[in-house]
Amino acid sequence: MLYKKTLQFLSNQVARSKLGQLQYQGIMMKVPSQMQKEENSEEDRLVKAFFTKNHEQIKVYGHSQKELNEKSSSPRNSWYKVILPFKSNPELSFKFRRFYTNQVRIGRLLELMDYIASTVSYNYILPSSGATMVTAMVDNINFFGKISADQDLEIQGYVTYVGNSSIEVYIDVMQEGVVNVSANFLMVARDGKDHSKAYKVPVMDLNGESDKETAELRCYLGKHMQDKRKLQKDRSLDRKAPSQEEINELHKFFMNPPSDITIDETQIEKTLLMHIQDRNLHGKVFGGFVMREAFELGWLNAYLHVKGQGFPQIIHIDDIQFLAPVDIGSALQVQSRITAVKDTIMHVEVNCYKISPNQQKIRSNDLHLTLNVPGIVIPQVQPKTYNEGMQWLNACRRMNYTI
């Protein structure tokens, strides 16, 4: 039963999270301190783009043993680390702080993570190659623990797997030596002069890596994630009918409605004009900005659904899709709805659309959130139409896949 599986997830959530954290720390890239080369943060493109001041207090590191050539590259060439001194810099800490706690604002963290993933992908290829790197999707963002805005924050990124024109990037968010967030970014390379053409990225060479065996494992997992994405796409409800078990579950749900709140009634939205200050290197709206706006509306949707009785805690972010670039001067419409609920856990789906001045509307991004609100029973939601029924089944699938 779908709900029984969800309950099993809830009962084992803490244990699973801890186990996942330990397993991930076993495969993440660990660069010895003697191989970490501190860079000039005031000249760093990411730091200057994301932070308006206090550049000198932010520490930036690259690998000391880079070997770049046109045909091959390596994880160490791509490795990049930023340390944010929250403990000694109250102004910087305040920039990332949530309104109700001393924890880090997740939307702003996602925005920074996208900056770092882009930097890592450019580090992997030759800077003079002329290629353009764009975020295609962000998959499998796991939250293993809380992130304090009072402790220094360390974020590192590195390439784990490459295809012909795609690059998989791991992002690790750490405090006091422990990873609290992990994410997998899929970046794609386009020809710098003609973005309709793919750009072949250098093959990955693991010789000379200080953790070669672990790097090989990360590469294997990268290929596995690529195959898993293709399989899930083939099995998606957009392409394939629900299983008989899912049809039976949905039928029971319709026959015995647990709520008079429909999925459609939970929807909230906002529309924003895209300004030139939010553009990326290629003149389009920066993907991290869209991620922040989408996440924060989704979180607000969950917060309003429980009527402020508790603060939703993010467990997992799944399958952030970048379907179309958002143009400067267009409008970004962000829509969020609660698509499934069980006890203290809920799934939120967020869709983004770019709207041109002539009113042409194109879907640009999707985002899926799994949140927990401890201590309360979340109001149930009810699908009313076939489309909402498919949204409900999709949400149940995603909650069952989580961690």
# chains A, B, ... in the order shown; residues from 1 in each chain; ligands from 1

$ select_by_dssp --residues "range 119-311 of chain A" --states "strand (DSSP E or B)" --output "NGL selection string"
:A and (132-143 or 148 or 153-162 or 166-175 or 178-190 or 198 or 203-204 or 262 or 268-273 or 279 or 284-285)

$ select_by_dssp --residues "range 145-389 of chain A" --states "helix (DSSP H, G or I)" --output "number ranges by chain"
A: 212-235, 244-255, 264-266, 276-278, 287-305, 386-389

$ closest_residue --among "A:Asn248, A:Asn365, A:Ser17, A:Gln309" --to "Arg292 in chain A" --atoms "only C-alpha atoms"
A:Asn365

$ closest_atom_pairs --of "range 175-195 of chain A" --to "range 321-341 of chain A" --cutoff "12 Å" --atoms "only C-alpha atoms" --output "CSV"
residue,atom,partner,partner_atom,distance
A:Phe185,CA,A:Gln321,CA,10.5
A:Leu186,CA,A:Gln321,CA,9.9
A:Met187,CA,A:Phe322,CA,10.4
A:Val188,CA,A:Phe322,CA,11.0
A:His195,CA,A:Pro325,CA,11.4

$ write_last_selection --atoms "N, CA and C atoms" --output "PDB file, in the first residue's frame"
ATOM      1  N   PHE A 185      24.072  18.136  -9.332  1.00  0.00           N
ATOM      2  CA  PHE A 185      23.716  19.051 -10.416  1.00  0.00           C
ATOM      3  C   PHE A 185      24.121  18.427 -11.750  1.00  0.00           C
ATOM      4  N   LEU A 186      23.232  18.497 -12.718  1.00  0.00           N
ATOM      5  CA  LEU A 186      23.550  18.062 -14.069  1.00  0.00           C
ATOM      6  C   LEU A 186      23.722  19.308 -14.931  1.00  0.00           C
ATOM      7  N   MET A 187      24.929  19.523 -15.403  1.00  0.00           N
ATOM      8  CA  MET A 187      25.260  20.672 -16.243  1.00  0.00           C
ATOM      9  C   MET A 187      25.462  20.196 -17.681  1.00  0.00           C
ATOM     10  N   VAL A 188      25.058  21.021 -18.641  1.00  0.00           N
ATOM     11  CA  VAL A 188      25.260  20.663 -20.045  1.00  0.00           C
ATOM     12  C   VAL A 188      26.068  21.760 -20.732  1.00  0.00           C
ATOM     13  N   HIS A 195      24.122  28.251 -29.314  1.00  0.00           N
ATOM     14  CA  HIS A 195      23.659  27.473 -28.170  1.00  0.00           C
ATOM     15  C   HIS A 195      22.788  26.278 -28.558  1.00  0.00           C
TER      16      HIS A 195
END

$ closest_atom_pairs --of "range 85-196 of chain A" --to "range 222-228 of chain A" --cutoff "12 Å" --atoms "only C-alpha atoms" --output "CSV"
residue,atom,partner,partner_atom,distance
A:Met137,CA,A:Gln226,CA,11.6
A:Val138,CA,A:Met225,CA,11.7
A:Asp139,CA,A:Met225,CA,9.0
A:Asn140,CA,A:Met225,CA,9.6
A:Val159,CA,A:Gly222,CA,9.6
A:Thr160,CA,A:Gly222,CA,6.4
A:Tyr161,CA,A:Gly222,CA,5.3
A:Val162,CA,A:Gly222,CA,8.2
A:Gly163,CA,A:Lys223,CA,8.7
A:Ser166,CA,A:Gln226,CA,10.3
A:Ile167,CA,A:Gly222,CA,9.4
A:Glu168,CA,A:Gly222,CA,6.7
A:Val169,CA,A:Gly222,CA,9.0
A:Tyr170,CA,A:Gly222,CA,9.5
A:Asn184,CA,A:Gly222,CA,9.0
A:Phe185,CA,A:Gly222,CA,10.5
A:Leu186,CA,A:Gln226,CA,9.4

$ residues_around --residues "range 255-267 of chain A" --least-positions-apart "5" --cutoff "12 Å" --atoms "only C-alpha atoms" --output "VMD selection string"
chain A and resid 248 to 250 297 to 298 300 to 307 334 to 342 347 to 351 378 to 392 395

$ closest_atom_pairs --of "range 158-185 of chain A" --to "range 107-116 of chain A" --cutoff "9 Å" --atoms "only C-alpha atoms" --output "CSV"
residue,atom,partner,partner_atom,distance
A:Ile171,CA,A:Met113,CA,7.0
A:Asp172,CA,A:Met113,CA,9.0
A:Val173,CA,A:Met113,CA,8.7
A:Ala183,CA,A:Met113,CA,8.7
A:Phe185,CA,A:Asp114,CA,8.0

$ write_last_selection --atoms "all heavy atoms" --output "PDB file, in the first residue's frame"
ATOM      1  N   ILE A 171      27.675  18.691  -4.959  1.00  0.00           N
ATOM      2  CA  ILE A 171      27.853  19.823  -4.053  1.00  0.00           C
ATOM      3  C   ILE A 171      27.661  19.315  -2.626  1.00  0.00           C
ATOM      4  O   ILE A 171      26.661  18.666  -2.317  1.00  0.00           O
ATOM      5  CB  ILE A 171      26.829  20.948  -4.345  1.00  0.00           C
ATOM      6  CG1 ILE A 171      26.986  21.460  -5.776  1.00  0.00           C
ATOM      7  CG2 ILE A 171      27.002  22.086  -3.342  1.00  0.00           C
ATOM      8  CD1 ILE A 171      28.278  22.187  -6.052  1.00  0.00           C
ATOM      9  N   ASP A 172      28.634  19.591  -1.752  1.00  0.00           N
ATOM     10  CA  ASP A 172      28.580  19.199  -0.339  1.00  0.00           C
ATOM     11  C   ASP A 172      28.531  20.453   0.525  1.00  0.00           C
ATOM     12  O   ASP A 172      29.373  21.347   0.367  1.00  0.00           O
ATOM     13  CB  ASP A 172      29.815  18.383   0.060  1.00  0.00           C
ATOM     14  CG  ASP A 172      30.088  17.224  -0.883  1.00  0.00           C
ATOM     15  OD1 ASP A 172      29.122  16.668  -1.427  1.00  0.00           O
ATOM     16  OD2 ASP A 172      31.278  16.882  -1.077  1.00  0.00           O
ATOM     17  N   VAL A 173      27.571  20.520   1.431  1.00  0.00           N
ATOM     18  CA  VAL A 173      27.455  21.634   2.368  1.00  0.00           C
ATOM     19  C   VAL A 173      27.787  21.096   3.752  1.00  0.00           C
ATOM     20  O   VAL A 173      27.123  20.181   4.245  1.00  0.00           O
ATOM     21  CB  VAL A 173      26.042  22.243   2.352  1.00  0.00           C
ATOM     22  CG1 VAL A 173      25.951  23.409   3.324  1.00  0.00           C
ATOM     23  CG2 VAL A 173      25.683  22.706   0.940  1.00  0.00           C
ATOM     24  N   ALA A 183      23.954  17.446  -2.925  1.00  0.00           N
ATOM     25  CA  ALA A 183      23.143  17.695  -4.120  1.00  0.00           C
ATOM     26  C   ALA A 183      23.892  17.245  -5.355  1.00  0.00           C
ATOM     27  O   ALA A 183      25.128  17.250  -5.395  1.00  0.00           O
ATOM     28  CB  ALA A 183      22.791  19.174  -4.236  1.00  0.00           C
ATOM     29  N   PHE A 185      24.072  18.136  -9.332  1.00  0.00           N
ATOM     30  CA  PHE A 185      23.716  19.051 -10.416  1.00  0.00           C
ATOM     31  C   PHE A 185      24.121  18.427 -11.750  1.00  0.00           C
ATOM     32  O   PHE A 185      25.236  17.914 -11.885  1.00  0.00           O
ATOM     33  CB  PHE A 185      24.439  20.389 -10.269  1.00  0.00           C
ATOM     34  CG  PHE A 185      23.843  21.316  -9.252  1.00  0.00           C
ATOM     35  CD1 PHE A 185      23.941  21.049  -7.900  1.00  0.00           C
ATOM     36  CD2 PHE A 185      23.178  22.469  -9.641  1.00  0.00           C
ATOM     37  CE1 PHE A 185      23.402  21.901  -6.953  1.00  0.00           C
ATOM     38  CE2 PHE A 185      22.637  23.336  -8.710  1.00  0.00           C
ATOM     39  CZ  PHE A 185      22.739  23.054  -7.357  1.00  0.00           C
TER      40      PHE A 185
END

$ atom_distance --atom1 "CA of Tyr199 in chain A" --atom2 "CA of Lys30 in chain A"
29.4 Å

$ residues_around --residues "His282 in chain A" --least-positions-apart "6" --cutoff "10 Å" --atoms "only C-alpha atoms" --output "list in words"
Thr132, Met133, Val134 and Gly192 of chain A

$ decode --residues "range 188-211 of chain A" --atoms "N, CA, C and O atoms" --output "mmCIF file, in the first residue's frame"
data_model
loop_
_atom_site.group_PDB
_atom_site.id
_atom_site.type_symbol
_atom_site.label_atom_id
_atom_site.label_comp_id
_atom_site.auth_asym_id
_atom_site.auth_seq_id
_atom_site.Cartn_x
_atom_site.Cartn_y
_atom_site.Cartn_z
ATOM 1 N N VAL A 188 25.058 21.021 -18.641
ATOM 2 C CA VAL A 188 25.260 20.663 -20.045
ATOM 3 C C VAL A 188 26.068 21.760 -20.732
ATOM 4 O O VAL A 188 25.941 22.946 -20.404
ATOM 5 N N ALA A 189 26.896 21.342 -21.676
ATOM 6 C CA ALA A 189 27.769 22.266 -22.396
ATOM 7 C C ALA A 189 27.187 22.557 -23.775
ATOM 8 O O ALA A 189 26.813 21.634 -24.507
ATOM 9 N N ARG A 190 27.110 23.837 -24.089
ATOM 10 C CA ARG A 190 26.640 24.259 -25.410
ATOM 11 C C ARG A 190 27.735 25.062 -26.099
ATOM 12 O O ARG A 190 28.602 25.654 -25.448
ATOM 13 N N ASP A 191 27.700 25.066 -27.420
ATOM 14 C CA ASP A 191 28.645 25.862 -28.175
ATOM 15 C C ASP A 191 28.475 27.332 -27.827
ATOM 16 O O ASP A 191 27.352 27.845 -27.784
ATOM 17 N N GLY A 192 29.585 28.014 -27.549
ATOM 18 C CA GLY A 192 29.508 29.400 -27.101
ATOM 19 C C GLY A 192 28.899 30.347 -28.119
ATOM 20 O O GLY A 192 28.288 31.352 -27.749
ATOM 21 N N LYS A 193 29.033 30.034 -29.417
ATOM 22 C CA LYS A 193 28.505 30.910 -30.456
ATOM 23 C C LYS A 193 27.120 30.491 -30.928
ATOM 24 O O LYS A 193 26.328 31.312 -31.382
ATOM 25 N N ASP A 194 26.825 29.197 -30.839
ATOM 26 C CA ASP A 194 25.524 28.676 -31.260
ATOM 27 C C ASP A 194 25.001 27.741 -30.180
ATOM 28 O O ASP A 194 25.387 26.571 -30.120
ATOM 29 N N HIS A 195 24.122 28.251 -29.314
ATOM 30 C CA HIS A 195 23.659 27.473 -28.170
ATOM 31 C C HIS A 195 22.788 26.278 -28.558
ATOM 32 O O HIS A 195 22.476 25.438 -27.709
ATOM 33 N N SER A 196 22.380 26.202 -29.825
ATOM 34 C CA SER A 196 21.595 25.047 -30.269
ATOM 35 C C SER A 196 22.475 23.816 -30.478
ATOM 36 O O SER A 196 21.971 22.700 -30.607
ATOM 37 N N LYS A 197 23.786 24.012 -30.490
ATOM 38 C CA LYS A 197 24.726 22.917 -30.706
ATOM 39 C C LYS A 197 25.364 22.484 -29.388
ATOM 40 O O LYS A 197 25.730 23.317 -28.568
ATOM 41 N N ALA A 198 25.509 21.164 -29.229
ATOM 42 C CA ALA A 198 26.180 20.636 -28.045
ATOM 43 C C ALA A 198 27.690 20.831 -28.182
ATOM 44 O O ALA A 198 28.234 20.893 -29.284
ATOM 45 N N TYR A 199 28.354 20.930 -27.031
ATOM 46 C CA TYR A 199 29.812 21.054 -26.995
ATOM 47 C C TYR A 199 30.375 19.821 -26.305
ATOM 48 O O TYR A 199 29.954 19.477 -25.192
ATOM 49 N N LYS A 200 31.298 19.136 -26.953
ATOM 50 C CA LYS A 200 31.880 17.921 -26.367
ATOM 51 C C LYS A 200 32.854 18.299 -25.261
ATOM 52 O O LYS A 200 33.825 19.023 -25.507
ATOM 53 N N VAL A 201 32.605 17.788 -24.064
ATOM 54 C CA VAL A 201 33.461 18.120 -22.923
ATOM 55 C C VAL A 201 34.631 17.143 -22.856
ATOM 56 O O VAL A 201 34.569 16.034 -23.407
ATOM 57 N N PRO A 202 35.731 17.530 -22.205
ATOM 58 C CA PRO A 202 36.877 16.625 -22.072
ATOM 59 C C PRO A 202 36.488 15.334 -21.341
ATOM 60 O O PRO A 202 35.654 15.350 -20.437
ATOM 61 N N VAL A 203 37.098 14.221 -21.743
ATOM 62 C CA VAL A 203 36.858 12.955 -21.048
ATOM 63 C C VAL A 203 37.470 13.041 -19.652
ATOM 64 O O VAL A 203 38.377 13.840 -19.404
ATOM 65 N N MET A 204 36.971 12.205 -18.741
ATOM 66 C CA MET A 204 37.471 12.244 -17.370
ATOM 67 C C MET A 204 38.654 11.296 -17.197
ATOM 68 O O MET A 204 38.567 10.113 -17.539
ATOM 69 N N ASP A 205 39.725 11.812 -16.668
ATOM 70 C CA ASP A 205 40.928 11.039 -16.387
ATOM 71 C C ASP A 205 41.126 11.008 -14.874
ATOM 72 O O ASP A 205 41.356 12.045 -14.251
ATOM 73 N N LEU A 206 41.037 9.815 -14.279
ATOM 74 C CA LEU A 206 41.142 9.681 -12.825
ATOM 75 C C LEU A 206 42.561 9.357 -12.363
ATOM 76 O O LEU A 206 42.806 9.261 -11.155
ATOM 77 N N ASN A 207 43.486 9.204 -13.283
ATOM 78 C CA ASN A 207 44.873 8.972 -12.893
ATOM 79 C C ASN A 207 45.423 10.221 -12.201
ATOM 80 O O ASN A 207 45.238 11.340 -12.667
ATOM 81 N N GLY A 208 46.079 10.025 -11.083
ATOM 82 C CA GLY A 208 46.630 11.146 -10.336
ATOM 83 C C GLY A 208 45.720 11.659 -9.240
ATOM 84 O O GLY A 208 46.128 12.518 -8.447
ATOM 85 N N GLU A 209 44.488 11.118 -9.173
ATOM 86 C CA GLU A 209 43.593 11.515 -8.088
ATOM 87 C C GLU A 209 44.070 10.904 -6.768
ATOM 88 O O GLU A 209 44.450 9.728 -6.713
ATOM 89 N N SER A 210 44.020 11.682 -5.695
ATOM 90 C CA SER A 210 44.486 11.183 -4.395
ATOM 91 C C SER A 210 43.540 10.132 -3.822
ATOM 92 O O SER A 210 43.934 9.351 -2.959
ATOM 93 N N ASP A 211 42.289 10.105 -4.313
ATOM 94 C CA ASP A 211 41.313 9.105 -3.862
ATOM 95 C C ASP A 211 40.746 8.379 -5.081
ATOM 96 O O ASP A 211 39.526 8.328 -5.275
#
